[in-house]
Structures are given as structure tokens and as C-alpha cells.
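Raw contents of data_24.cif, mmCIF, C-alpha atoms:
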data_query
loop_
_atom_site.label_atom_id
_atom_site.label_comp_id
_atom_site.auth_asym_id
_atom_site.auth_seq_id
_atom_site.Cartn_x
_atom_site.Cartn_y
_atom_site.Cartn_z
CA MET Q 72 173.17 100.46 -56.54
CA VAL Q 73 172.74 97.54 -58.91
CA ALA Q 74 169.00 97.26 -58.17
CA ALA Q 75 168.42 100.83 -59.28
CA ALA Q 76 170.55 100.38 -62.38
CA LEU Q 77 168.70 97.25 -63.45
CA LEU Q 78 165.29 98.77 -62.87
CA ARG Q 79 166.06 101.68 -65.19
CA ARG Q 80 165.02 99.21 -67.86
CA THR Q 81 161.53 98.90 -66.46
CA PRO Q 82 158.46 101.13 -66.95
CA GLY Q 83 158.69 104.68 -65.66
CA SER Q 84 156.96 104.64 -62.27
CA LEU Q 85 158.71 101.48 -61.09
CA ALA Q 86 162.15 102.46 -62.25
CA SER Q 87 161.84 106.00 -60.96
CA ALA Q 88 160.61 104.98 -57.54
CA ILE Q 89 163.33 102.39 -57.00
CA ARG Q 90 166.04 104.77 -58.23
CA LEU Q 91 164.78 107.42 -55.84
CA HIS Q 92 164.65 104.98 -52.94
CA ARG Q 93 168.33 104.03 -52.99
CA THR Q 94 170.93 106.52 -54.18
CA ALA Q 95 174.25 108.12 -53.21
CA ALA Q 96 174.83 108.65 -49.52
CA VAL Q 97 174.17 111.83 -47.62
CA ALA Q 98 174.54 112.42 -43.91
CA ALA Q 99 171.61 111.14 -41.85
CA THR Q 100 170.10 113.17 -39.05
CA PRO Q 101 169.31 110.83 -36.14
CA ILE Q 102 165.68 110.91 -35.08
CA ALA Q 103 164.96 108.82 -31.99
CA ARG Q 104 161.96 106.52 -31.79
CA PHE Q 105 159.43 107.43 -29.15
CA MET Q 106 159.52 104.00 -27.56
CA SER Q 107 162.61 102.21 -28.86
CA THR Q 108 163.04 98.64 -27.63
CA HIS Q 109 165.82 96.09 -27.68
CA VAL Q 110 164.27 94.22 -30.61
CA THR Q 111 164.71 97.13 -33.01
CA ASN Q 112 167.89 98.53 -31.45
CA ALA Q 113 170.04 95.42 -31.00
CA ALA Q 114 171.73 95.73 -34.41
CA CYS Q 115 172.11 99.52 -34.46
CA GLU Q 116 174.58 102.03 -33.09
CA ASP Q 117 173.28 104.93 -31.01
CA ASN Q 118 174.04 107.44 -33.78
CA GLU Q 119 171.98 105.62 -36.40
CA PRO Q 120 168.56 107.12 -37.15
CA GLY Q 121 165.36 105.52 -35.90
CA PHE Q 122 162.85 103.96 -38.26
CA LEU Q 123 161.17 107.20 -39.29
CA GLY Q 124 164.58 108.87 -39.56
CA SER Q 125 165.77 106.09 -41.88
CA VAL Q 126 162.74 106.50 -44.14
CA GLU Q 127 163.25 110.25 -44.24
CA THR Q 128 166.96 109.81 -44.99
CA PHE Q 129 166.21 107.65 -48.02
CA TYR Q 130 163.54 110.15 -49.06
CA ASP Q 131 165.98 113.06 -48.83
CA ARG Q 132 168.51 111.18 -50.97
CA ALA Q 133 165.85 110.64 -53.60
CA ALA Q 134 164.70 114.26 -53.42
CA LYS Q 135 168.17 115.55 -54.33
CA ILE Q 136 168.13 113.80 -57.70
CA SER Q 137 164.40 113.83 -58.46
CA GLY Q 138 164.21 117.10 -60.36
CA VAL Q 139 160.95 117.83 -58.52
CA SER Q 140 160.43 121.26 -56.97
CA GLU Q 141 161.26 121.65 -53.29
CA LYS Q 142 157.71 122.82 -52.61
CA SER Q 143 156.24 119.60 -53.97
CA LEU Q 144 158.83 117.43 -52.23
CA THR Q 145 158.06 119.04 -48.88
CA GLY Q 146 154.39 118.26 -49.31
CA ILE Q 147 155.03 114.67 -50.33
CA LYS Q 148 157.29 114.02 -47.36
CA ALA Q 149 154.84 115.15 -44.68
CA VAL Q 150 152.32 112.78 -43.09
CA ASP Q 151 148.81 114.14 -43.72
CA ALA Q 152 147.03 113.02 -40.58
CA VAL Q 153 147.63 110.93 -37.47
CA LEU Q 154 145.14 109.48 -34.99
CA SER Q 155 146.40 108.63 -31.52
CA VAL Q 156 143.97 107.07 -29.05
CA LYS Q 157 143.98 105.53 -25.59
CA PHE Q 158 141.04 103.52 -24.34
CA PRO Q 159 140.23 101.18 -21.44
CA VAL Q 160 139.51 97.51 -22.07
CA GLU Q 161 138.07 95.06 -19.57
CA ILE Q 162 140.39 92.06 -19.20
CA ASP Q 163 138.34 90.36 -16.50
CA ALA Q 164 135.70 91.33 -13.97
CA ASP Q 165 138.23 93.12 -11.78
CA THR Q 166 140.81 94.38 -14.29
CA HIS Q 167 140.86 97.15 -16.85
CA ILE Q 168 143.93 98.14 -18.85
CA ILE Q 169 144.64 101.15 -21.05
CA ILE Q 170 145.42 100.34 -24.68
CA GLU Q 171 147.31 102.67 -27.05
CA GLY Q 172 146.33 102.71 -30.71
CA TYR Q 173 147.41 104.69 -33.77
CA ARG Q 174 146.48 105.24 -37.41
CA ALA Q 175 148.55 107.41 -39.76
CA GLN Q 176 147.47 108.59 -43.21
CA HIS Q 177 150.56 109.71 -45.06
CA SER Q 178 148.92 110.65 -48.33
CA ARG Q 179 145.32 111.18 -49.39
CA HIS Q 180 146.15 112.23 -52.95
CA ARG Q 181 144.46 109.02 -54.06
CA LEU Q 182 141.69 107.43 -52.04
CA PRO Q 183 141.24 105.18 -50.25
CA CYS Q 184 144.36 105.17 -48.13
CA LYS Q 185 145.74 101.65 -47.81
CA GLY Q 186 147.90 99.98 -45.21
CA GLY Q 187 147.99 97.29 -42.55
CA ILE Q 188 147.25 97.26 -38.83
CA ARG Q 189 149.82 95.61 -36.59
CA PHE Q 190 149.58 94.36 -33.03
CA SER Q 191 153.06 94.61 -31.51
CA ASP Q 192 154.98 95.85 -28.50
CA GLU Q 193 157.05 97.88 -30.99
CA VAL Q 194 154.14 100.06 -32.11
CA ASP Q 195 154.52 103.79 -31.54
CA LEU Q 196 153.65 107.01 -33.31
CA GLN Q 197 156.87 107.28 -35.31
CA GLU Q 198 156.64 103.66 -36.46
CA VAL Q 199 153.17 104.06 -37.96
CA GLU Q 200 154.21 107.35 -39.62
CA ALA Q 201 157.23 105.64 -41.18
CA LEU Q 202 155.18 102.66 -42.33
CA ALA Q 203 152.45 104.90 -43.75
CA SER Q 204 155.07 106.82 -45.74
CA LEU Q 205 156.49 103.58 -47.13
CA MET Q 206 152.98 102.49 -48.14
CA THR Q 207 152.51 105.60 -50.28
CA TYR Q 208 155.79 105.02 -52.09
CA LYS Q 209 155.13 101.28 -52.37
CA CYS Q 210 151.76 101.85 -54.02
CA ALA Q 211 153.45 104.22 -56.47
CA VAL Q 212 156.14 101.65 -57.29
CA VAL Q 213 153.60 98.98 -58.28
CA ASP Q 214 151.13 101.53 -59.72
CA VAL Q 215 148.29 100.75 -57.31
CA PRO Q 216 146.11 103.90 -57.09
CA PHE Q 217 145.98 104.25 -53.30
CA GLY Q 218 147.44 106.62 -50.75
CA GLY Q 219 149.56 105.20 -47.94
CA ALA Q 220 148.38 104.57 -44.38
CA LYS Q 221 149.31 102.35 -41.45
CA GLY Q 222 147.91 101.54 -38.04
CA GLY Q 223 148.92 99.75 -34.91
CA VAL Q 224 147.92 98.76 -31.42
CA LYS Q 225 150.67 98.59 -28.81
CA LEU Q 226 150.34 95.11 -27.34
CA ASN Q 227 151.74 91.59 -27.57
CA PRO Q 228 148.85 89.50 -28.94
CA LYS Q 229 150.31 86.32 -27.42
CA LYS Q 230 149.58 87.69 -23.95
CA PHE Q 231 145.84 87.99 -24.56
CA THR Q 232 143.06 85.47 -25.10
CA PRO Q 233 141.04 85.51 -28.34
CA ALA Q 234 138.09 87.02 -26.47
CA GLN Q 235 140.26 89.81 -25.08
CA LEU Q 236 141.81 90.48 -28.50
CA GLU Q 237 138.33 90.71 -30.00
CA ARG Q 238 137.28 93.33 -27.46
CA ILE Q 239 140.46 95.33 -28.10
CA THR Q 240 140.11 95.09 -31.88
CA ARG Q 241 136.46 96.13 -31.87
CA ARG Q 242 137.13 99.06 -29.53
CA TYR Q 243 140.05 100.21 -31.69
CA THR Q 244 137.78 99.98 -34.76
CA MET Q 245 135.14 102.04 -32.98
CA GLU Q 246 137.73 104.77 -32.49
CA LEU Q 247 138.60 104.63 -36.20
CA CYS Q 248 134.93 104.87 -37.14
CA GLN Q 249 134.24 107.83 -34.87
CA LYS Q 250 137.25 109.75 -36.23
CA ASN Q 251 136.56 108.84 -39.89
CA PHE Q 252 139.81 106.90 -40.22
CA ILE Q 253 138.23 103.85 -41.86
CA GLY Q 254 135.86 103.26 -44.77
CA PRO Q 255 135.77 101.73 -48.28
CA GLY Q 256 136.42 105.11 -49.91
CA VAL Q 257 138.44 106.64 -47.09
CA ASP Q 258 140.96 104.29 -45.47
CA VAL Q 259 141.17 100.50 -45.91
CA PRO Q 260 143.29 98.54 -43.40
CA ALA Q 261 144.82 95.11 -43.95
CA PRO Q 262 146.65 92.44 -41.92
CA ASP Q 263 150.19 93.14 -40.71
CA VAL Q 264 152.47 91.90 -37.93
CA GLY Q 265 150.36 90.20 -35.26
CA THR Q 266 147.06 90.37 -37.16
CA GLY Q 267 145.35 88.22 -39.77
CA PRO Q 268 141.98 87.29 -41.31
CA ARG Q 269 140.38 86.88 -37.87
CA GLU Q 270 141.12 90.45 -36.82
CA MET Q 271 140.02 91.77 -40.21
CA SER Q 272 136.64 90.06 -39.85
CA TRP Q 273 136.18 91.68 -36.42
CA ILE Q 274 137.03 95.08 -37.90
CA MET Q 275 134.61 94.60 -40.80
CA ASP Q 276 131.78 93.49 -38.52
CA THR Q 277 132.32 96.47 -36.21
CA TYR Q 278 132.41 98.89 -39.14
CA ARG Q 279 129.10 97.43 -40.42
CA GLN Q 280 127.49 98.00 -37.04
CA PHE Q 281 128.44 101.69 -37.21
CA ASN Q 282 127.53 102.02 -40.91
CA PRO Q 283 124.53 99.74 -41.54
CA GLN Q 284 123.49 101.78 -44.59
CA ASP Q 285 126.84 101.33 -46.41
CA VAL Q 286 126.33 98.72 -49.14
CA ASN Q 287 130.12 98.61 -49.66
CA ALA Q 288 130.90 98.00 -45.98
CA ALA Q 289 132.72 94.72 -46.72
CA GLY Q 290 135.31 96.81 -48.56
CA CYS Q 291 136.43 98.56 -45.38
CA VAL Q 292 139.29 96.03 -44.95
CA THR Q 293 141.23 93.57 -47.07
CA GLY Q 294 142.69 90.27 -45.92
CA LYS Q 295 139.31 88.97 -44.67
CA PRO Q 296 138.53 85.24 -44.49
CA ILE Q 297 137.26 83.81 -47.77
CA SER Q 298 133.89 83.13 -46.11
CA GLN Q 299 133.63 86.83 -45.23
CA GLY Q 300 134.31 88.15 -48.71
CA GLY Q 301 138.10 87.80 -48.77
CA VAL Q 302 140.17 87.24 -51.91
CA ARG Q 303 141.76 83.87 -52.58
CA GLY Q 304 145.55 84.10 -52.54
CA ARG Q 305 145.75 87.09 -50.18
CA ASN Q 306 147.41 85.14 -47.32
CA GLU Q 307 150.37 84.09 -49.42
CA ALA Q 308 150.53 87.20 -51.64
CA THR Q 309 153.34 89.06 -49.84
CA GLY Q 310 155.55 85.98 -49.46
CA LEU Q 311 154.93 84.99 -53.06
CA GLY Q 312 155.91 88.49 -54.17
CA VAL Q 313 159.18 88.14 -52.24
CA TYR Q 314 159.93 84.90 -54.09
CA TYR Q 315 159.04 86.41 -57.48
CA GLY Q 316 161.20 89.48 -56.83
CA VAL Q 317 164.31 87.49 -55.95
CA ARG Q 318 163.71 85.09 -58.82
CA GLU Q 319 163.49 87.92 -61.34
CA PHE Q 320 166.58 89.72 -60.03
CA LEU Q 321 168.59 86.53 -60.43
CA GLN Q 322 167.89 86.71 -64.17
CA PHE Q 323 169.95 89.88 -64.61
CA PRO Q 324 173.52 89.25 -65.86
CA GLU Q 325 174.76 92.09 -63.62
CA VAL Q 326 173.42 90.35 -60.52
CA GLN Q 327 174.92 87.06 -61.60
CA LYS Q 328 178.29 88.73 -62.18
CA MET Q 329 178.29 90.52 -58.81
CA THR Q 330 177.14 87.52 -56.79
CA GLY Q 331 178.66 84.62 -58.70
CA LEU Q 332 175.23 82.97 -58.72
CA ASP Q 333 173.47 81.53 -61.75
CA GLY Q 334 169.96 82.57 -62.66
CA ASN Q 335 168.17 79.65 -61.04
CA ILE Q 336 166.51 79.46 -57.63
CA ALA Q 337 167.15 75.72 -57.45
CA GLY Q 338 170.15 74.87 -55.30
CA LYS Q 339 170.44 78.28 -53.63
CA THR Q 340 170.81 78.45 -49.85
CA VAL Q 341 168.33 80.76 -48.12
CA ILE Q 342 168.00 82.15 -44.59
CA VAL Q 343 164.70 83.74 -43.55
CA GLN Q 344 164.47 85.96 -40.48
CA GLY Q 345 160.87 85.99 -39.29
CA PHE Q 346 158.41 83.09 -39.58
CA GLY Q 347 155.13 84.96 -39.62
CA ASN Q 348 152.87 85.15 -42.63
CA VAL Q 349 155.46 86.71 -44.95
CA GLY Q 350 158.44 84.63 -43.82
CA TYR Q 351 156.55 81.34 -43.84
CA TRP Q 352 155.14 81.74 -47.34
CA ALA Q 353 158.38 83.10 -48.76
CA ALA Q 354 160.29 80.13 -47.32
CA LYS Q 355 157.66 77.73 -48.63
CA PHE Q 356 157.82 79.09 -52.20
CA PHE Q 357 161.63 79.09 -52.20
CA GLN Q 358 161.68 75.48 -50.99
CA ASN Q 359 158.98 74.36 -53.45
CA ASN Q 360 161.13 75.72 -56.27
CA GLY Q 361 164.29 73.92 -55.28
CA ALA Q 362 166.05 76.26 -52.85
CA LYS Q 363 167.46 74.97 -49.58
CA ILE Q 364 166.18 76.80 -46.48
CA ILE Q 365 169.10 76.45 -44.07
CA GLY Q 366 168.01 78.92 -41.38
CA ILE Q 367 164.86 80.44 -39.94
CA GLY Q 368 164.83 83.12 -37.25
CA GLU Q 369 162.01 83.75 -34.80
CA HIS Q 370 161.57 86.21 -31.95
CA ASP Q 371 162.95 83.84 -29.28
CA VAL Q 372 165.30 81.45 -31.07
CA SER Q 373 166.48 80.52 -34.57
CA ALA Q 374 166.88 77.13 -36.21
CA TYR Q 375 169.84 76.29 -38.46
CA ASP Q 376 170.61 73.17 -40.49
CA PRO Q 377 173.12 73.30 -43.38
CA ASN Q 378 171.36 70.29 -44.89
CA GLY Q 379 168.09 72.18 -45.12
CA LEU Q 380 164.98 72.57 -42.97
CA ASP Q 381 161.60 71.07 -43.87
CA ILE Q 382 159.32 74.11 -43.82
CA GLU Q 383 156.06 72.27 -43.20
CA ALA Q 384 157.62 70.09 -40.49
CA ILE Q 385 159.17 73.01 -38.60
CA PHE Q 386 155.96 75.05 -38.98
CA LYS Q 387 153.96 72.19 -37.45
CA HIS Q 388 156.53 71.80 -34.65
CA ARG Q 389 156.42 75.52 -33.85
CA SER Q 390 152.60 75.48 -33.88
CA GLU Q 391 152.49 72.57 -31.43
CA LYS Q 392 155.40 73.50 -29.14
CA GLY Q 393 155.40 77.28 -29.48
CA THR Q 394 159.13 77.29 -30.28
CA PHE Q 395 161.76 75.81 -32.60
CA ARG Q 396 163.49 74.12 -29.65
CA GLY Q 397 163.63 70.36 -29.99
CA PHE Q 398 163.12 70.33 -33.76
CA GLY Q 399 165.01 67.44 -35.39
CA ASN Q 400 168.75 67.93 -35.75
CA ALA Q 401 168.55 71.68 -36.12
CA GLU Q 402 171.05 73.85 -34.28
CA ILE Q 403 169.16 76.25 -32.00
CA ILE Q 404 170.52 79.81 -31.77
CA ASP Q 405 169.22 82.31 -29.22
CA GLY Q 406 167.39 85.29 -30.72
CA SER Q 407 166.75 86.19 -34.34
CA ILE Q 408 169.73 88.41 -35.18
CA LYS Q 409 172.65 85.95 -35.23
CA ILE Q 410 171.04 83.62 -37.75
CA MET Q 411 171.41 86.34 -40.41
CA GLU Q 412 175.21 86.21 -40.03
CA ARG Q 413 175.48 82.62 -41.26
CA GLU Q 414 176.80 81.87 -44.75
CA CYS Q 415 174.06 81.76 -47.41
CA ASP Q 416 173.26 82.86 -50.94
CA ILE Q 417 170.04 84.74 -50.17
CA LEU Q 418 169.03 86.44 -46.92
CA ILE Q 419 165.40 87.42 -46.39
CA PRO Q 420 164.79 89.74 -43.39
CA ALA Q 421 161.02 89.29 -42.94
CA ALA Q 422 160.54 90.43 -39.35
CA LEU Q 423 160.70 94.03 -38.10
CA GLU Q 424 162.56 97.20 -39.00
CA ARG Q 425 166.24 97.96 -38.15
CA GLN Q 426 167.44 94.34 -38.02
CA ILE Q 427 170.66 95.04 -39.93
CA GLY Q 428 172.62 98.01 -38.61
CA MET Q 429 176.22 99.02 -38.12
CA LYS Q 430 176.67 96.57 -35.21
CA ASN Q 431 176.11 93.48 -37.36
CA VAL Q 432 176.29 94.52 -41.03
CA LYS Q 433 179.97 93.53 -41.36
CA ASN Q 434 179.01 89.99 -40.40
CA ILE Q 435 176.41 89.61 -43.16
CA LYS Q 436 177.73 87.03 -45.62
CA ALA Q 437 174.73 86.68 -47.93
CA LYS Q 438 175.19 87.65 -51.57
CA ILE Q 439 171.61 88.91 -52.02
CA ILE Q 440 169.52 90.58 -49.29
CA GLY Q 441 165.82 90.82 -50.06
CA GLU Q 442 163.94 93.27 -47.84
CA ALA Q 443 160.73 91.37 -47.11
CA ALA Q 444 160.17 93.44 -43.96
CA ASN Q 445 159.69 97.20 -44.00
CA GLY Q 446 162.94 99.07 -43.40
CA PRO Q 447 165.02 96.12 -42.10
CA ILE Q 448 168.33 97.81 -43.07
CA THR Q 449 169.48 101.20 -41.78
CA PRO Q 450 170.88 103.74 -44.30
CA ASP Q 451 174.50 103.37 -43.16
CA ALA Q 452 174.25 99.58 -43.18
CA HIS Q 453 172.72 99.70 -46.64
CA ASP Q 454 175.61 101.80 -47.91
CA TYR Q 455 178.12 99.35 -46.44
CA LEU Q 456 176.43 96.34 -48.07
CA VAL Q 457 176.42 98.05 -51.46
CA SER Q 458 180.11 99.00 -51.05
CA GLN Q 459 180.89 95.31 -50.50
CA GLY Q 460 179.20 94.27 -53.73
CA LYS Q 461 176.06 92.91 -52.12
CA VAL Q 462 172.75 93.14 -53.98
CA VAL Q 463 169.97 94.71 -51.88
CA ILE Q 464 166.44 94.34 -53.27
CA PRO Q 465 164.43 97.17 -51.65
CA ASP Q 466 161.30 96.70 -49.57
CA LEU Q 467 159.26 99.09 -51.72
CA LEU Q 468 159.34 96.53 -54.50
CA LEU Q 469 159.89 93.22 -52.80
CA ASN Q 470 157.09 93.22 -50.23
CA ALA Q 471 154.48 94.98 -52.35
CA GLY Q 472 152.76 91.68 -53.19
CA GLY Q 473 150.25 92.18 -50.40
CA VAL Q 474 148.86 95.52 -51.55
CA THR Q 475 149.02 94.35 -55.17
#
When written as C-alpha cells, how does the structure in this file appear?
Amino acid sequence: MVAAALLRRTPGSLASAIRLHRTAAVAATPIARFMSTHVTNAACEDNEPGFLGSVETFYDRAAKISGVSEKSLTGIKAVDAVLSVKFPVEIDADTHIIIEGYRAQHSRHRLPCKGGIRFSDEVDLQEVEALASLMTYKCAVVDVPFGGAKGGVKLNPKKFTPAQLERITRRYTMELCQKNFIGPGVDVPAPDVGTGPREMSWIMDTYRQFNPQDVNAAGCVTGKPISQGGVRGRNEATGLGVYYGVREFLQFPEVQKMTGLDGNIAGKTVIVQGFGNVGYWAAKFFQNNGAKIIGIGEHDVSAYDPNGLDIEAIFKHRSEKGTFRGFGNAEIIDGSIKIMERECDILIPAALERQIGMKNVKNIKAKIIGEAANGPITPDAHDYLVSQGKVVIPDLLLNAGGVT
């Protein structure tokens, strides 16, 4: 892969990790998700591995050429610890529901463990294990001295009121505290899909209540509001890292030769799938530096305009209306998958895993695919893209801006 070849020029840990992430193909062993849904299956054939299976497939490819002993590789691959909890939450005076929550610690070789907490219908045990594994490798790529972890609560946050979400978040945090799965020197969560500074402040406050003697309690999460001890620039960090990564890859003569693109962002056409924190900021930085954002995909519909979309205007419209429908002259396309098949220079999958699989990979026309999401391309689809001369910039590098 061209990405691996180019990164051989870079310092050891970065080059090695990227080379190990994407290498020659080997047969993948399908491993089904526990709770697969249409959103993460729509682009994939039945014989393609699930999310955790995809991560393990890429790991096994890397292991074959790493020169590391099999004993060590086996230990690195395994997830150290997983917490699975179910707890009741009062929705109203007459209604209680059972909430499922998870936290996986893939590696505790360096503490604290680090990784986000997501609120999503897609959350299951295998997903958090896969994401925790990716966090370990991601931290190694950018030389951040943390182990990898990930957490999730299985729910759609849009179906709950802020008061209900606060009760759920605090109860989930209580479970983490009781099981020693959170703490400044143990395991530090962060925002992810469906969560943000608000949820992080609830988590921090709950942790403080359980650990009033801990002078470092504010360090139990990152991504807090500035007023609560957060770091300026954290909200846009992942999206900014996506922009920087694509910008730097465009400087390589090999990439320019393969894609026919010059080394400038200005004038490039970009499609972004996913308009959450990562997708919004990535689109904003691309547009601010002269690129034309011609398509944006969201969970319900996508917006497309070959003349370019105004990011701030469509963000405001979506915030007010709850959808892209009715925005200007944009063409509205059902779902978030089809928008990725439109002609563009740069495609940024910034939503969920398994969005490009063998069902739709042959329709991908972009010259550069930047993995802003975790695991958006299945192993077989990745191999096909590379065989067609596409440049795939891997998630381990491209979306590491947040943890950095």
C-alpha cells in the first residue's frame, strides 16, 4: 500500500505501526457481531468479518511480517479486561428500563488506559473490544504513552431527554467506579459517538462524589467543558487531525502520481460521511482551506451539491430542522451510504465502522479515502481499493488527533 510505503520515511514507531496495519492479504475468518444492525451491515456481504474480526484480520497480517515472537503477539492481541453491566434507570414515575453498558481495556502496559465512551444503538461487547484494540495501536502510532480502552452504552441519545441522559450517564459512571474501570491513573474516558463535553462533566462530577479525597479527580476524563477544566482545542482536534493527515499525504509525489492530484487542498472536491463532531470539523477545515465540500452524509439522509455546500449554513439548518431536508438547492439522498459513491477527489468516512464493504466498494470513485471513523473499510474492500490504485489513509493515523 502506498500509505505504508510513504510512511517508511517517518520515525520508527509511526512507520512501523502503519506498515503493520495494512499489508498483503490473507484469508479473513468471519467473526459475527453480537448485535449486528442494518447500519453496519448494509455495505457488507455475509461472509465479510464483523468489526472485531476486521481488526483481528489486520492485526494478523501485521503479525506475519513483524518479526515479533508469537508469544508476544498473542499477548498483544488479547483484550485485557472487559466490564459488562446492566442496570435499571427510571425514565418517569411509572417506567424503568434496563440499560446495557460496557468498558473494555485492551492493554494496561502503559497507564492510564485511554479511549472514548459512545452512546449508540450499535454498541455491543465486540464493538468496544475492537475499538479498545484500535486505541492501543493508535496511541503507539502517535507515541502517546497510554494503553487502549473503549466504552459504550447501548442507547440512542436522541430518544432521551437531557435529564434522562444525565441519570443514565451517572449510573454508568457509578458502575465504572465500583469496578475500578475509571480513574486518573487507571482509565480515562473521552467523548465519542453520541457523547460530548456535557457527558464528560457528568462523569467527572460523579467520579468526584465517589472519590472526594482524589486531588487529581478532574483528570478522570478528557473532553470536558473549558469551564470544568477542559483543554482548548479538544472539540476540533480529531477533525483537524483528519485535515492535517490528508494535507500531508497530498505532498508525496507518489500520491500525486497515483491520484493525478496536485499537492494543494484548494480546489479539491470532498465528500464527508458523518456530520458529528469529527465530520463537521473536518469539513470545516477543508472548506476554510479552499476545498469544495460537495456532499455530506448523515444517518437519515445525505446532501449533495456539485457547486459546494456551505458548512456553517447546513450545520445551522440541521440544528434547527433536525435534518438536511429542505436545505437550499442541495440534492437529498436517502441514507448515508450512497453519497460515498459520488465522484470526488477525497472521501472522508467519519461515521461508524463497516461503511465500505464488498457490496459498495466497486462504486467508490474517490481517489483518496481518509478513514476518519474507526474501521470504516472491511479488509476485502480495502484490498480492492488498493488494487484499483486508490490511496487509503488508515484510521490509526488519521483520527488520532483526539487522543493526541
Quiz item: atom CA of Ser178 of chain Q and atom CA of Ala353 of chain Q, how far apart in Å?
Solution: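 Separation of atom CA of Ala353 of chain Q and atom CA of Ser178 of chain Q: 29.1 Å.
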Exercise. Output the residue selection produced by the PyMOL selection byres ((chain Q and resi 310) around 8) on the file above, formatted as a PyMOL selection string.
Key: chain Q and resi 307-309+311-314+348-354+356+443+470+472
Okay, now the selection with C-alpha atoms, as a JSON list (two decimals), in the frame of the given file?
[["chain", "number", "residue", "atom", "x", "y", "z"],
["Q", 307, "GLU", "CA", 150.37, 84.09, -49.42],
["Q", 308, "ALA", "CA", 150.53, 87.20, -51.64],
["Q", 309, "THR", "CA", 153.34, 89.06, -49.84],
["Q", 311, "LEU", "CA", 154.93, 84.99, -53.06],
["Q", 312, "GLY", "CA", 155.91, 88.49, -54.17],
["Q", 313, "VAL", "CA", 159.18, 88.14, -52.24],
["Q", 314, "TYR", "CA", 159.93, 84.90, -54.09],
["Q", 348, "ASN", "CA", 152.87, 85.15, -42.63],
["Q", 349, "VAL", "CA", 155.46, 86.71, -44.95],
["Q", 350, "GLY", "CA", 158.44, 84.63, -43.82],
["Q", 351, "TYR", "CA", 156.55, 81.34, -43.84],
["Q", 352, "TRP", "CA", 155.14, 81.74, -47.34],
["Q", 353, "ALA", "CA", 158.38, 83.10, -48.76],
["Q", 354, "ALA", "CA", 160.29, 80.13, -47.32],
["Q", 356, "PHE", "CA", 157.82, 79.09, -52.20],
["Q", 443, "ALA", "CA", 160.73, 91.37, -47.11],
["Q", 470, "ASN", "CA", 157.09, 93.22, -50.23],
["Q", 472, "GLY", "CA", 152.76, 91.68, -53.19]]
Exercise. Write out as a count of residues only which residues come within 8 Å of Val264 of chain Q when counting all atoms listed in the file, dropping same-chain ones fewer than 3 positions away.
Key: 5
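Residues matching the PyMOL selection byres ((chain Q and resi 295) around 10) in this structure come to Ala261, Pro262, Gly267, Pro268, Arg269, Glu270, Met271, Ser272, Trp273, Ile274, Met275, Ala289, Gly290, Val292, Thr293, Gly294, Pro296, Ile297, Ser298, Gln299, Gly300, Gly301, Val302, Arg303, Arg305 and Asn306 of chain Q.
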Quiz item: Can you list, as a list in words, the residues that the PyMOL selection byres ((chain Q and resi 408) around 8) selects here?
Solution: Ala114, Gln344, Gly368, Gly406, Ser407, Lys409, Ile410, Met411, Glu412 and Gln426 of chain Q
Practice problem: Counting all atoms listed in the file, figure out which residue out of Q:Met206, Q:Ile239, Q:Ile342, Q:Met429 gets nearest to Pro120 of chain Q. | Solution: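 Distance minimum relative to Pro120 of chain Q lands on Q:Met429.
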Expected axis-aligned box over every listed atom of segment 176-192 of chain Q, 4 Å added per side, centre plus edges in Å to one decimal, as JSON:
{"center_x": 148.1, "center_y": 103.3, "center_z": -41.3, "size_x": 21.7, "size_y": 25.9, "size_z": 33.6}
Self-check item: One-decimal distance in Å that lies between atom CA of Cys184 of chain Q and atom CA of Glu141 of chain Q
Solution: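 Rounded to one decimal, the two atoms are 24.2 Å apart.
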Quiz prompt | Given only C-alpha atoms as the counted atoms, nearest of Q:Leu418, Q:Ile367, Q:Lys461, Q:Arg389 to Asp405 of chain Q | solution =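 Smallest distance to Asp405 of chain Q is found for Q:Ile367.
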Quiz item: Using only C-alpha atoms, which of Q:Asn282, Q:Ser373, Q:Asn335, Q:Thr128 sits nearest Asn251 of chain Q?
Solution: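 Closest to Asn251 of chain Q, using only C-alpha atoms: Q:Asn282.
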Quiz prompt | atom CA of Leu236 of chain Q to atom CA of Cys248 of chain Q, straight-line distance in Å | solution =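 Computed distance, atom CA of Cys248 of chain Q to atom CA of Leu236 of chain Q, equals 18.1 Å.
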Would you mind listing what lies within 8 Å of segment 375-382 of chain Q as an mmCIF file with C-alpha atoms, in the frame of the given file, with all atoms listed in the file counted and same-chain residues fewer than 5 positions away left out?
data_model
loop_
_atom_site.group_PDB
_atom_site.id
_atom_site.type_symbol
_atom_site.label_atom_id
_atom_site.label_comp_id
_atom_site.auth_asym_id
_atom_site.auth_seq_id
_atom_site.Cartn_x
_atom_site.Cartn_y
_atom_site.Cartn_z
ATOM 1 C CA TYR Q 351 156.550 81.340 -43.840
ATOM 2 C CA ALA Q 354 160.290 80.130 -47.320
ATOM 3 C CA LYS Q 355 157.660 77.730 -48.630
ATOM 4 C CA GLN Q 358 161.680 75.480 -50.990
ATOM 5 C CA LYS Q 363 167.460 74.970 -49.580
ATOM 6 C CA ILE Q 364 166.180 76.800 -46.480
ATOM 7 C CA ILE Q 365 169.100 76.450 -44.070
ATOM 8 C CA GLY Q 366 168.010 78.920 -41.380
ATOM 9 C CA ILE Q 367 164.860 80.440 -39.940
ATOM 10 C CA ASN Q 400 168.750 67.930 -35.750
ATOM 11 C CA ALA Q 401 168.550 71.680 -36.120
ATOM 12 C CA GLU Q 402 171.050 73.850 -34.280
ATOM 13 C CA ILE Q 403 169.160 76.250 -32.000
ATOM 14 C CA ILE Q 404 170.520 79.810 -31.770
ATOM 15 C CA ILE Q 410 171.040 83.620 -37.750
#
Self-check item: Among listed residues Q:Asp163, Q:Asp285, Q:Glu424, Q:Asp263, nearest Thr232 of chain Q (using only C-alpha atoms)
Solution: Q:Asp163
Exercise. Go through Q:Ile170, Q:Ala437, Q:Cys415, Q:Ile464 and flag the residue nearest Leu321 of chain Q, using all atoms listed in the file for the distances.
Key: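 Residue with the minimum atom-to-atom distance to Leu321 of chain Q: Q:Ile464.
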Quiz item: Closest to Arg242 of chain Q among Q:Val160, Q:Val257, Q:Val215, Q:Ile168, using all atoms listed in the file?
Solution: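 Distance minimum relative to Arg242 of chain Q lands on Q:Val160.
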Practice problem: Determine, counting all atoms listed in the file, which protein, DNA and RNA residues have an atom within 7 Å of an atom of Gln322 of chain Q; residues of the same chain fewer than 3 positions away are not included. Present the result as a count of residues only. | Solution: 3
